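**Q** The structure under discussion is supplied below as structure tokens; questions concerning it will follow.
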Amino acid sequence: MALIDLLNISKHYEAQKILTDVNFHVDEGERIVIIGKNGSGKSTLMKIINGTLEQDGGERITKQNLEVKMLDQKPDFNEEHTVRQAVEAGLKELNSAKQRYIELSLRLAEDFENKTLLEEHERLSLYIEHHNAWNLDDKVERIIQHFDLKQYENKLVIMLSGGEQRRVALASLLLQKPDVLLLDEPTNHLDVYMVEFLEELLLKEKFTLVFISHDRYFIDRVATKSVEVEDCSLREYSGGYSNYLEQKEEYMRTLEKQHENLLDILKRENEWFSRGVKARLKRNEGRKERLISLREEAKTNPAKIKKMTLELEREAKHFNRDKSVNKQKMLFEVEHLGLKLGDKELLKDFSTRILQKDVIAIVGPNGSGKSTLLRALLGRIEPTSGVIKRGEFKVGYFDQHREMLDDDKNLIETFCPHGGDRVSVRGRDMHVYGYLKNFLFPREFLDKKIGILSGGEKNRIALALLFTKNVDILILDEPTNDLDIPTINILEEQLINFSGAVIIVSHDRYFVDKIAKKLFIFKEDKHIEESYQSYTEYLELEHELKELSDMEKESQKAESKPKENKPKELKLTFKEKMALEKLPIEIEELEAKIDEKNSCLANPACYEKIGITKLAKEFEELKSLYEEKVEELLTIQEKEESINT
């Protein structure tokens with residue numbers, strides 16, 4: 001069902017055209033990512049979808065009484081609200097609906113034939129169901145915990161940092177579950193654990209969503225459709241980031257030779273994605289199957305859990321062996337390092353060596369001490385305990401505050417401080433424009449002052465400037481924040497080709513997987529674990545070990561609990577018995593249909609005949625139905641097992 005239609009929309013600012021005669025549609029259940037370069041019109045399109053920006057031409061049509069809500073970049077809160085009050089502020093209507101529903105239920109118990117009450121009762125039931133609001137108190141608590149807001153829940157929300165306030169605003173919007181949710185860079189200021197929680201919530205509760213993001217794993221997991229904004233036009237691609245790469249590459253092949261550079265980047269990106277991600281998924285299939293079968297075996301043999309845990313721990317340790325080459329030049333030697341921020345202990349007893357060819361990502365939850373460790377390595381703060389020995393080398397540092405830039409200088413003055421228009425890049429003498437166009441800057445930007453540029457443009461300038469420096473090591477703190485995907489691809493190319501050491505702090509899993517050869521992982525016990533596996537593999541192992549730990553606790557609890565007599569009245573209903581027979585057949589039929597649609601999506605002759613948008617929608621509907629059927633079958637099977645035990 002169509003919720004929003006934008007028809008022949010145009011928008012311009014003074015002489016600059018942003019959108020020209022574009023069409024855009026949001027159907028119920030779709031999760032659409034808007035992709036494009038910074039300045040291409042992504043945010044403009046979002047504001048027109050939201051209805052907060054008036055188009056210059058065309059028409060915006062919405063379903064009657066449609067509720068559309070957008071995550072603001074700078075949320076506006078009641079200054080007297082605590083964090084918990086701010087999270088719950090948008091739930092008054094839902095709470096009132098629940099209260100009225102309870103009142104009507106009590107009245108209908110006595111007057112069950114009252115048609116007016118029955119209609120209102122049904123309407124409220126559907127409203128609460130649509131917003132998944134039956135257990136709101138539990139959901140509030142869960143989201144506060146997962147977004148790391150529990151420690152601030154009684155603190156005034158205006159006292160929080162900008163990133164923390166964004167998390168509060170996001171939590172509130174997710175709880176409200178509007179008909180259409182609009183999110184602009186929702187993963188900014190979230191660590192990987194928060195992003196995983198957000199992904200699960202959006203998928204489980206079937207949000208209708210339009211979002212902008214540079215997090216390519218997030219896009220691939222969440223998006224059902226990708227819409228690219230380019231040259232004032234929109235182009236649709238089915239599925240998430242991996243599908244976008246394949247379809248975009250195919251499209252680029254049909255264009256003129258002027259696009260060769262972009263085609264090369266797309267080809268390399270697509271090859272990396274296929275090689276790295278799909279190979280890892282195939283490699284993990286056996287482990288996943290063992291974990292699933294273990295769930296059943298563990299009910300009769302708890303020792304199996306311990307065995308699997310030990311196997312996974314050995315697998316993790318396999319990646320953690322020291323692969324350093326002793327002949328390499330030593331940059332840092334860290335001995336028994338301890339760090340505190342005020343009274344808060346961040347790190348204890350960390351020892352390591354960082355060599356001239358190391359490419360290291362420092363990862364962990366928000367507030368764990370990642371940026372503090374960078375500052376300690378740079379000598380900007382003194383360790384609480386231990387020592388950091390530094391060799392003789394030059395450092396290039398990129399921080400989230402872009403301290404290397406002067407707002408009063410233009411681009412020419414920034415890159416050529418001694419005059420002229422040439423810049424040296426790793427021994428190559430280049431015209432400053434020739435260099436900056438590699439970072440997607442047009443010639444007219446050369447005379448612009450740094451101070452008037454957007455946050456994303458300043459980040460691009462800071463990174464471009466960094467790669468002109470003759471340094472032995474690059475230290476980057478959250479370099480992908482405020483960057484679009486094309487610029488992140490350029491950053492990755494530069495880092496891969498850099499001959500020195502690299503240390504990055506980032507929560508971008510895709511970026512870390514692609515760049516890092518080693519991880520420094522901040523753990524809950526304030527220690528750092530070193531690992532040579534990919535970040536995604538580490539997170540998967542960590543998740544599986546946690547699942548096994550939870551299973552072991554449940555098993556021990558069940559063993560220690562006195563056995564109770566099985567309630568005689570517990571049995572499968574007639575409907576459940578019928579479903580138990582029919583569902584496996586229906587699931588098998590759906591699997592065949594999904595395979596058929598998937599094959600068609602990979603075949604241009606097939607999808608062009610049907611229409612790729614229609615085909616992608618049918619594919620997503622089949623997948624959604626398949627997941628519902630599987631979940632229903634598993635629920636009945638679990639009930640049957642509990643009856644028989």
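For the structure tokens, the naming scheme is as follows: chains receive sequential letters (A, B, ...) according to their order of presentation, residues are indexed from 1 within each chain, and ligands are indexed from 1 in presentation order.
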If you run DSSP on this backbone, which residues of region 112-207 of chain A come out as strand (DSSP E), and could you give them as a VMD selection string?
**A** chain A and resid 180 to 184
**Q** Can you tell me, as a list of chain:residue names, what residues are no more than 6 Å from region 218-221 of chain A when counting only C-alpha atoms, ignoring any on the same chain fewer than 2 positions away?
**A**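 The neighbour list is A:Asp215, A:Arg216, A:Ala223, A:Gly240, A:Tyr241.
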**Q** Write the residues you've just listed into a file as a PDB file, in the first residue's frame, and include all heavy atoms for each of them.
**A**
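And here is the file that came out, out_21.pdb:
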ATOM      1  N   ASP A 215      26.930   3.712   6.650  1.00  0.00           N
ATOM      2  CA  ASP A 215      27.300   2.416   7.226  1.00  0.00           C
ATOM      3  C   ASP A 215      26.814   1.317   6.279  1.00  0.00           C
ATOM      4  O   ASP A 215      25.651   0.973   6.236  1.00  0.00           O
ATOM      5  CB  ASP A 215      26.651   2.265   8.610  1.00  0.00           C
ATOM      6  CG  ASP A 215      27.090   1.007   9.330  1.00  0.00           C
ATOM      7  OD1 ASP A 215      27.344  -0.015   8.646  1.00  0.00           O
ATOM      8  OD2 ASP A 215      27.180   1.019  10.574  1.00  0.00           O
ATOM      9  N   ARG A 216      27.765   0.752   5.492  1.00  0.00           N
ATOM     10  CA  ARG A 216      27.379  -0.148   4.408  1.00  0.00           C
ATOM     11  C   ARG A 216      26.845  -1.483   4.903  1.00  0.00           C
ATOM     12  O   ARG A 216      25.987  -2.078   4.267  1.00  0.00           O
ATOM     13  CB  ARG A 216      28.575  -0.320   3.460  1.00  0.00           C
ATOM     14  CG  ARG A 216      28.849   0.968   2.686  1.00  0.00           C
ATOM     15  CD  ARG A 216      30.266   1.071   2.199  1.00  0.00           C
ATOM     16  NE  ARG A 216      31.179   1.321   3.308  1.00  0.00           N
ATOM     17  CZ  ARG A 216      32.493   1.476   3.163  1.00  0.00           C
ATOM     18  NH1 ARG A 216      33.018   1.390   1.960  1.00  0.00           N
ATOM     19  NH2 ARG A 216      33.260   1.708   4.206  1.00  0.00           N
ATOM     20  N   ALA A 223      18.101  -2.337   4.390  1.00  0.00           N
ATOM     21  CA  ALA A 223      17.390  -1.766   3.230  1.00  0.00           C
ATOM     22  C   ALA A 223      16.744  -2.834   2.347  1.00  0.00           C
ATOM     23  O   ALA A 223      17.340  -3.869   2.065  1.00  0.00           O
ATOM     24  CB  ALA A 223      18.331  -0.910   2.395  1.00  0.00           C
ATOM     25  N   GLY A 240      19.838  -4.026  -0.685  1.00  0.00           N
ATOM     26  CA  GLY A 240      20.766  -3.199   0.080  1.00  0.00           C
ATOM     27  C   GLY A 240      22.040  -2.875  -0.673  1.00  0.00           C
ATOM     28  O   GLY A 240      22.064  -2.827  -1.916  1.00  0.00           O
ATOM     29  N   TYR A 241      23.130  -2.719   0.084  1.00  0.00           N
ATOM     30  CA  TYR A 241      24.376  -2.203  -0.505  1.00  0.00           C
ATOM     31  C   TYR A 241      24.990  -3.185  -1.500  1.00  0.00           C
ATOM     32  O   TYR A 241      25.473  -2.774  -2.562  1.00  0.00           O
ATOM     33  CB  TYR A 241      25.371  -1.871   0.607  1.00  0.00           C
ATOM     34  CG  TYR A 241      26.624  -1.200   0.100  1.00  0.00           C
ATOM     35  CD1 TYR A 241      26.551   0.067  -0.485  1.00  0.00           C
ATOM     36  CD2 TYR A 241      27.862  -1.827   0.168  1.00  0.00           C
ATOM     37  CE1 TYR A 241      27.681   0.690  -0.972  1.00  0.00           C
ATOM     38  CE2 TYR A 241      29.000  -1.209  -0.312  1.00  0.00           C
ATOM     39  CZ  TYR A 241      28.910   0.046  -0.878  1.00  0.00           C
ATOM     40  OH  TYR A 241      30.038   0.657  -1.365  1.00  0.00           O
TER      41      TYR A 241
END
**Q** Report the distance between CA of Asp179 (chain A) and CA of Trp134 (chain A) in Å, rounded to one decimal place.
**A** 17.0 Å
**Q** Please identify all polymer residues within 9 Å of region 415-430 of chain A, counting only C-alpha atoms, omitting same-chain residues fewer than 2 positions from it, and present them as a short mmCIF file (atom, residue, chain, number, x, y, z; two decimals) with all heavy atoms, in the first residue's frame.
**A**
data_model
loop_
_atom_site.label_atom_id
_atom_site.label_comp_id
_atom_site.auth_asym_id
_atom_site.auth_seq_id
_atom_site.Cartn_x
_atom_site.Cartn_y
_atom_site.Cartn_z
N ASN A 410 41.23 29.88 2.62
CA ASN A 410 40.52 29.15 1.56
C ASN A 410 41.30 27.88 1.22
O ASN A 410 42.34 27.60 1.81
CB ASN A 410 40.28 30.04 0.33
CG ASN A 410 41.59 30.49 -0.32
OD1 ASN A 410 42.62 29.83 -0.24
ND2 ASN A 410 41.55 31.65 -0.97
N LEU A 411 40.81 27.11 0.24
CA LEU A 411 41.43 25.82 -0.04
C LEU A 411 42.84 25.96 -0.61
O LEU A 411 43.74 25.19 -0.26
CB LEU A 411 40.54 25.00 -1.00
CG LEU A 411 39.51 24.09 -0.33
CD1 LEU A 411 38.50 24.90 0.48
CD2 LEU A 411 38.77 23.25 -1.36
N ILE A 412 43.03 26.96 -1.48
CA ILE A 412 44.36 27.17 -2.06
C ILE A 412 45.36 27.50 -0.95
O ILE A 412 46.47 26.95 -0.89
CB ILE A 412 44.34 28.33 -3.09
CG1 ILE A 412 43.65 27.87 -4.38
CG2 ILE A 412 45.74 28.82 -3.39
CD1 ILE A 412 44.52 27.04 -5.31
N GLU A 413 44.98 28.40 -0.03
CA GLU A 413 45.87 28.78 1.08
C GLU A 413 46.13 27.60 2.02
O GLU A 413 47.22 27.47 2.59
CB GLU A 413 45.26 29.93 1.88
CG GLU A 413 45.18 31.24 1.10
CD GLU A 413 44.26 32.26 1.77
OE1 GLU A 413 43.35 31.86 2.52
OE2 GLU A 413 44.46 33.47 1.52
N VAL A 432 46.81 21.63 -7.39
CA VAL A 432 45.92 21.44 -6.23
C VAL A 432 44.52 21.01 -6.67
O VAL A 432 43.88 20.17 -6.01
CB VAL A 432 45.89 22.70 -5.34
CG1 VAL A 432 45.22 23.87 -6.04
CG2 VAL A 432 45.21 22.41 -4.02
N TYR A 433 44.05 21.53 -7.82
CA TYR A 433 42.72 21.13 -8.29
C TYR A 433 42.73 19.67 -8.74
O TYR A 433 41.82 18.90 -8.44
CB TYR A 433 42.23 22.02 -9.43
CG TYR A 433 41.01 21.45 -10.12
CD1 TYR A 433 39.82 21.28 -9.42
CD2 TYR A 433 41.07 21.02 -11.45
CE1 TYR A 433 38.70 20.72 -10.03
CE2 TYR A 433 39.95 20.47 -12.06
CZ TYR A 433 38.78 20.31 -11.35
OH TYR A 433 37.69 19.75 -11.94
N GLY A 434 43.80 19.29 -9.46
CA GLY A 434 43.93 17.90 -9.91
C GLY A 434 43.91 16.93 -8.74
O GLY A 434 43.36 15.83 -8.85
N TYR A 435 44.48 17.36 -7.62
CA TYR A 435 44.48 16.51 -6.43
C TYR A 435 43.10 16.51 -5.76
O TYR A 435 42.56 15.46 -5.41
CB TYR A 435 45.55 16.98 -5.44
CG TYR A 435 45.56 16.22 -4.13
CD1 TYR A 435 45.74 14.85 -4.09
CD2 TYR A 435 45.36 16.88 -2.92
CE1 TYR A 435 45.75 14.15 -2.89
CE2 TYR A 435 45.36 16.20 -1.71
CZ TYR A 435 45.56 14.83 -1.70
OH TYR A 435 45.54 14.14 -0.52
N LEU A 465 44.13 16.88 3.07
CA LEU A 465 45.33 17.55 3.58
C LEU A 465 46.26 16.56 4.28
O LEU A 465 47.49 16.60 4.12
CB LEU A 465 44.92 18.66 4.55
CG LEU A 465 46.03 19.58 5.08
CD1 LEU A 465 46.72 20.31 3.93
CD2 LEU A 465 45.45 20.59 6.07
N PHE A 467 46.76 13.45 3.66
CA PHE A 467 47.50 12.57 2.74
C PHE A 467 48.56 13.32 1.93
O PHE A 467 49.28 12.71 1.14
CB PHE A 467 46.53 11.83 1.82
CG PHE A 467 45.73 10.78 2.53
CD1 PHE A 467 44.36 10.93 2.72
CD2 PHE A 467 46.35 9.65 3.05
CE1 PHE A 467 43.63 9.96 3.40
CE2 PHE A 467 45.63 8.68 3.73
CZ PHE A 467 44.27 8.84 3.91
N THR A 468 48.68 14.64 2.10
CA THR A 468 49.79 15.38 1.48
C THR A 468 50.99 15.45 2.42
O THR A 468 52.06 15.89 2.02
CB THR A 468 49.37 16.83 1.14
OG1 THR A 468 49.10 17.56 2.35
CG2 THR A 468 48.14 16.84 0.25
N LYS A 469 50.82 15.03 3.66
CA LYS A 469 51.90 15.12 4.65
C LYS A 469 52.85 13.93 4.50
O LYS A 469 52.44 12.80 4.25
CB LYS A 469 51.34 15.13 6.07
CG LYS A 469 50.28 16.20 6.35
CD LYS A 469 50.82 17.59 6.17
CE LYS A 469 49.76 18.66 6.46
NZ LYS A 469 50.23 20.02 6.16
N ASN A 470 54.13 14.19 4.69
CA ASN A 470 55.15 13.14 4.65
C ASN A 470 55.29 12.55 6.05
O ASN A 470 56.03 13.06 6.88
CB ASN A 470 56.49 13.73 4.17
CG ASN A 470 57.56 12.67 4.04
OD1 ASN A 470 57.25 11.48 3.89
ND2 ASN A 470 58.81 13.07 4.12
#
**Q** Find, counting only C-alpha atoms, the residue in A:Asn598, A:Ser96, A:Thr62, A:Ser531 that gets nearest to Ala2 (chain A).
**A**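 For Ala2 (chain A), the nearest of the given residues is A:Thr62.
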**Q** What gap, in Å, lies between CA of Phe332 (chain A) and CA of Ile354 (chain A)?
**A**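 Taking CA of Phe332 (chain A) and CA of Ile354 (chain A), their separation equals 5.0 Å.
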**Q** Would you pick out the contacts of Ile473 (chain A) at 7 Å or less, using only C-alpha atoms, so that residues sharing its chain but fewer than 3 positions from it are not included, and give the list as a PyMOL selection string?
**A** chain A and resi 394-396+500-502
**Q** Would you export the selected residues with all heavy atoms as a tab-separated table (two decimals), in the first residue's frame, please?
**A**
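What landed in out_18.tsv:
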chain	number	residue	atom	x	y	z
A	394	LYS	N	57.33	10.55	12.15
A	394	LYS	CA	56.38	11.66	11.96
A	394	LYS	C	54.95	11.11	11.95
A	394	LYS	O	54.69	10.07	11.35
A	394	LYS	CB	56.66	12.37	10.63
A	394	LYS	CG	58.01	13.09	10.60
A	394	LYS	CD	58.23	13.72	9.24
A	394	LYS	CE	59.61	14.38	9.16
A	394	LYS	NZ	59.88	14.89	7.78
A	395	VAL	N	54.06	11.87	12.61
A	395	VAL	CA	52.67	11.43	12.76
A	395	VAL	C	51.73	12.35	11.99
A	395	VAL	O	51.85	13.57	12.06
A	395	VAL	CB	52.26	11.43	14.25
A	395	VAL	CG1	50.79	11.00	14.40
A	395	VAL	CG2	53.14	10.49	15.06
A	396	GLY	N	50.78	11.74	11.29
A	396	GLY	CA	49.66	12.48	10.72
A	396	GLY	C	48.41	12.14	11.53
A	396	GLY	O	48.05	10.96	11.64
A	500	GLY	N	52.98	3.37	5.34
A	500	GLY	CA	53.36	3.36	6.75
A	500	GLY	C	52.34	2.64	7.61
A	500	GLY	O	51.52	1.86	7.13
A	501	ALA	N	52.41	2.92	8.91
A	501	ALA	CA	51.47	2.32	9.87
A	501	ALA	C	50.18	3.14	9.93
A	501	ALA	O	50.19	4.35	9.64
A	501	ALA	CB	52.11	2.25	11.25
A	502	VAL	N	49.09	2.49	10.30
A	502	VAL	CA	47.79	3.15	10.44
A	502	VAL	C	47.15	2.68	11.74
A	502	VAL	O	47.11	1.48	12.02
A	502	VAL	CB	46.85	2.83	9.25
A	502	VAL	CG1	45.48	3.47	9.46
A	502	VAL	CG2	47.45	3.26	7.92
**Q** Find the residues near Ile128 (chain A): any atom within 12 Å, counting only C-alpha atoms, skip ones fewer than 2 places away on the same chain, and give them as number ranges by chain.
**A** A: 91, 93-102, 121-126, 130-136, 175-178
**Q** May I ask which of the residues A:Asp5, A:Glu345, A:Glu478, A:Asp358 is the closest one to Asp399 (chain A), counting only C-alpha atoms?
**A** A:Glu478
**Q** So that I can check the surroundings of Val630 (chain A), please list as a list in words every protein, DNA and RNA residue that reaches within 10 Å of it, counting only C-alpha atoms and ignoring chain neighbours fewer than 3 positions away.
**A**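 Result of the neighbour search: Leu583, Pro584, Glu586, Ile587, Leu625, Tyr626, Glu627, Leu633, Leu634 and Thr635 of chain A.
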**Q** Show which residues sit within 9 Å of His189 (chain A), as a PDB file with N, CA, C and O atoms, in the first residue's frame. Count only C-alpha atoms, and ignore same-chain residues fewer than 4 positions away.
**A**
ATOM      1  N   GLY A 162      26.049  16.170  22.536  1.00  0.00           N
ATOM      2  CA  GLY A 162      25.236  16.131  21.318  1.00  0.00           C
ATOM      3  C   GLY A 162      24.942  14.709  20.869  1.00  0.00           C
ATOM      4  O   GLY A 162      23.816  14.387  20.480  1.00  0.00           O
ATOM      5  N   GLY A 163      25.962  13.832  20.930  1.00  0.00           N
ATOM      6  CA  GLY A 163      25.777  12.436  20.528  1.00  0.00           C
ATOM      7  C   GLY A 163      24.815  11.702  21.436  1.00  0.00           C
ATOM      8  O   GLY A 163      23.977  10.909  20.972  1.00  0.00           O
ATOM      9  N   GLU A 164      24.900  11.955  22.739  1.00  0.00           N
ATOM     10  CA  GLU A 164      23.994  11.307  23.698  1.00  0.00           C
ATOM     11  C   GLU A 164      22.555  11.788  23.507  1.00  0.00           C
ATOM     12  O   GLU A 164      21.604  10.997  23.595  1.00  0.00           O
ATOM     13  N   ARG A 166      21.269  12.735  20.704  1.00  0.00           N
ATOM     14  CA  ARG A 166      20.773  12.068  19.487  1.00  0.00           C
ATOM     15  C   ARG A 166      20.270  10.661  19.806  1.00  0.00           C
ATOM     16  O   ARG A 166      19.270  10.201  19.244  1.00  0.00           O
ATOM     17  N   ARG A 167      20.959   9.980  20.718  1.00  0.00           N
ATOM     18  CA  ARG A 167      20.535   8.626  21.109  1.00  0.00           C
ATOM     19  C   ARG A 167      19.191   8.679  21.837  1.00  0.00           C
ATOM     20  O   ARG A 167      18.338   7.816  21.642  1.00  0.00           O
ATOM     21  N   ASN A 366      31.056   2.673  23.176  1.00  0.00           N
ATOM     22  CA  ASN A 366      31.214   4.113  23.427  1.00  0.00           C
ATOM     23  C   ASN A 366      31.648   4.331  24.870  1.00  0.00           C
ATOM     24  O   ASN A 366      31.147   3.678  25.787  1.00  0.00           O
ATOM     25  N   ASN A 481      32.900   9.545  10.033  1.00  0.00           N
ATOM     26  CA  ASN A 481      31.751  10.370  10.445  1.00  0.00           C
ATOM     27  C   ASN A 481      31.567  11.544   9.483  1.00  0.00           C
ATOM     28  O   ASN A 481      32.542  12.202   9.104  1.00  0.00           O
ATOM     29  N   HIS A 507      33.658   2.922  14.581  1.00  0.00           N
ATOM     30  CA  HIS A 507      32.571   1.980  14.855  1.00  0.00           C
ATOM     31  C   HIS A 507      31.980   1.442  13.555  1.00  0.00           C
ATOM     32  O   HIS A 507      31.022   0.669  13.578  1.00  0.00           O
TER      33      HIS A 507
END
**Q** Tell me, in Å to one decimal, how far CA of His527 (chain A) is from CA of Leu346 (chain A).
**A** 8.4 Å
**Q** Each residue of region 469-563 of chain A lying at most 10 Å from region 372-390 of chain A should get a row with its shortest atom-to-atom pair and the distance in Å to one decimal, counting only C-alpha atoms; could you produce that, ordered by chain and increasing number, as JSON lines?
**A**
{"residue": "A:Ile475", "atom": "CA", "partner": "A:Leu374", "partner_atom": "CA", "distance": 7.6}
{"residue": "A:Leu476", "atom": "CA", "partner": "A:Leu374", "partner_atom": "CA", "distance": 8.7}
{"residue": "A:Asp477", "atom": "CA", "partner": "A:Leu374", "partner_atom": "CA", "distance": 7.9}
{"residue": "A:Ile503", "atom": "CA", "partner": "A:Leu374", "partner_atom": "CA", "distance": 8.5}
{"residue": "A:Ile504", "atom": "CA", "partner": "A:Leu374", "partner_atom": "CA", "distance": 8.8}
{"residue": "A:Val505", "atom": "CA", "partner": "A:Leu374", "partner_atom": "CA", "distance": 8.3}
**Q** Take the residues that were just selected and, keeping N, CA, C and O atoms, output them as a PDB file, in the first residue's frame.
**A**
ATOM      1  N   ILE A 475      47.153   8.410  12.305  1.00  0.00           N
ATOM      2  CA  ILE A 475      46.290   8.108  13.446  1.00  0.00           C
ATOM      3  C   ILE A 475      44.957   8.828  13.208  1.00  0.00           C
ATOM      4  O   ILE A 475      44.920  10.063  13.130  1.00  0.00           O
ATOM      5  N   LEU A 476      43.879   8.062  13.061  1.00  0.00           N
ATOM      6  CA  LEU A 476      42.589   8.619  12.646  1.00  0.00           C
ATOM      7  C   LEU A 476      41.514   8.281  13.670  1.00  0.00           C
ATOM      8  O   LEU A 476      41.295   7.110  13.993  1.00  0.00           O
ATOM      9  N   ASP A 477      40.841   9.317  14.171  1.00  0.00           N
ATOM     10  CA  ASP A 477      39.775   9.134  15.157  1.00  0.00           C
ATOM     11  C   ASP A 477      38.421   9.352  14.477  1.00  0.00           C
ATOM     12  O   ASP A 477      38.072  10.469  14.104  1.00  0.00           O
ATOM     13  N   ILE A 503      46.659   3.650  12.523  1.00  0.00           N
ATOM     14  CA  ILE A 503      45.852   3.318  13.703  1.00  0.00           C
ATOM     15  C   ILE A 503      44.542   4.087  13.572  1.00  0.00           C
ATOM     16  O   ILE A 503      44.545   5.317  13.428  1.00  0.00           O
ATOM     17  N   ILE A 504      43.419   3.368  13.607  1.00  0.00           N
ATOM     18  CA  ILE A 504      42.115   4.026  13.475  1.00  0.00           C
ATOM     19  C   ILE A 504      41.218   3.659  14.651  1.00  0.00           C
ATOM     20  O   ILE A 504      41.290   2.555  15.181  1.00  0.00           O
ATOM     21  N   VAL A 505      40.407   4.628  15.053  1.00  0.00           N
ATOM     22  CA  VAL A 505      39.276   4.365  15.953  1.00  0.00           C
ATOM     23  C   VAL A 505      38.028   4.510  15.100  1.00  0.00           C
ATOM     24  O   VAL A 505      37.844   5.537  14.434  1.00  0.00           O
TER      25      VAL A 505
END
**Q** Would you please work out which residue, of A:Leu615, A:Ile212, A:Ser371, A:Lys623, is nearest to Ile594 (chain A) when using only C-alpha atoms?
**A**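 Nearest to Ile594 (chain A): A:Lys623.
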**Q** Region 301-544 of chain A: which residues are alpha helix (DSSP H) by DSSP, as a ChimeraX atom specification?
**A** /A:303-318,370-377,411-415,432-436,455-466,485-497,509-515,535-544
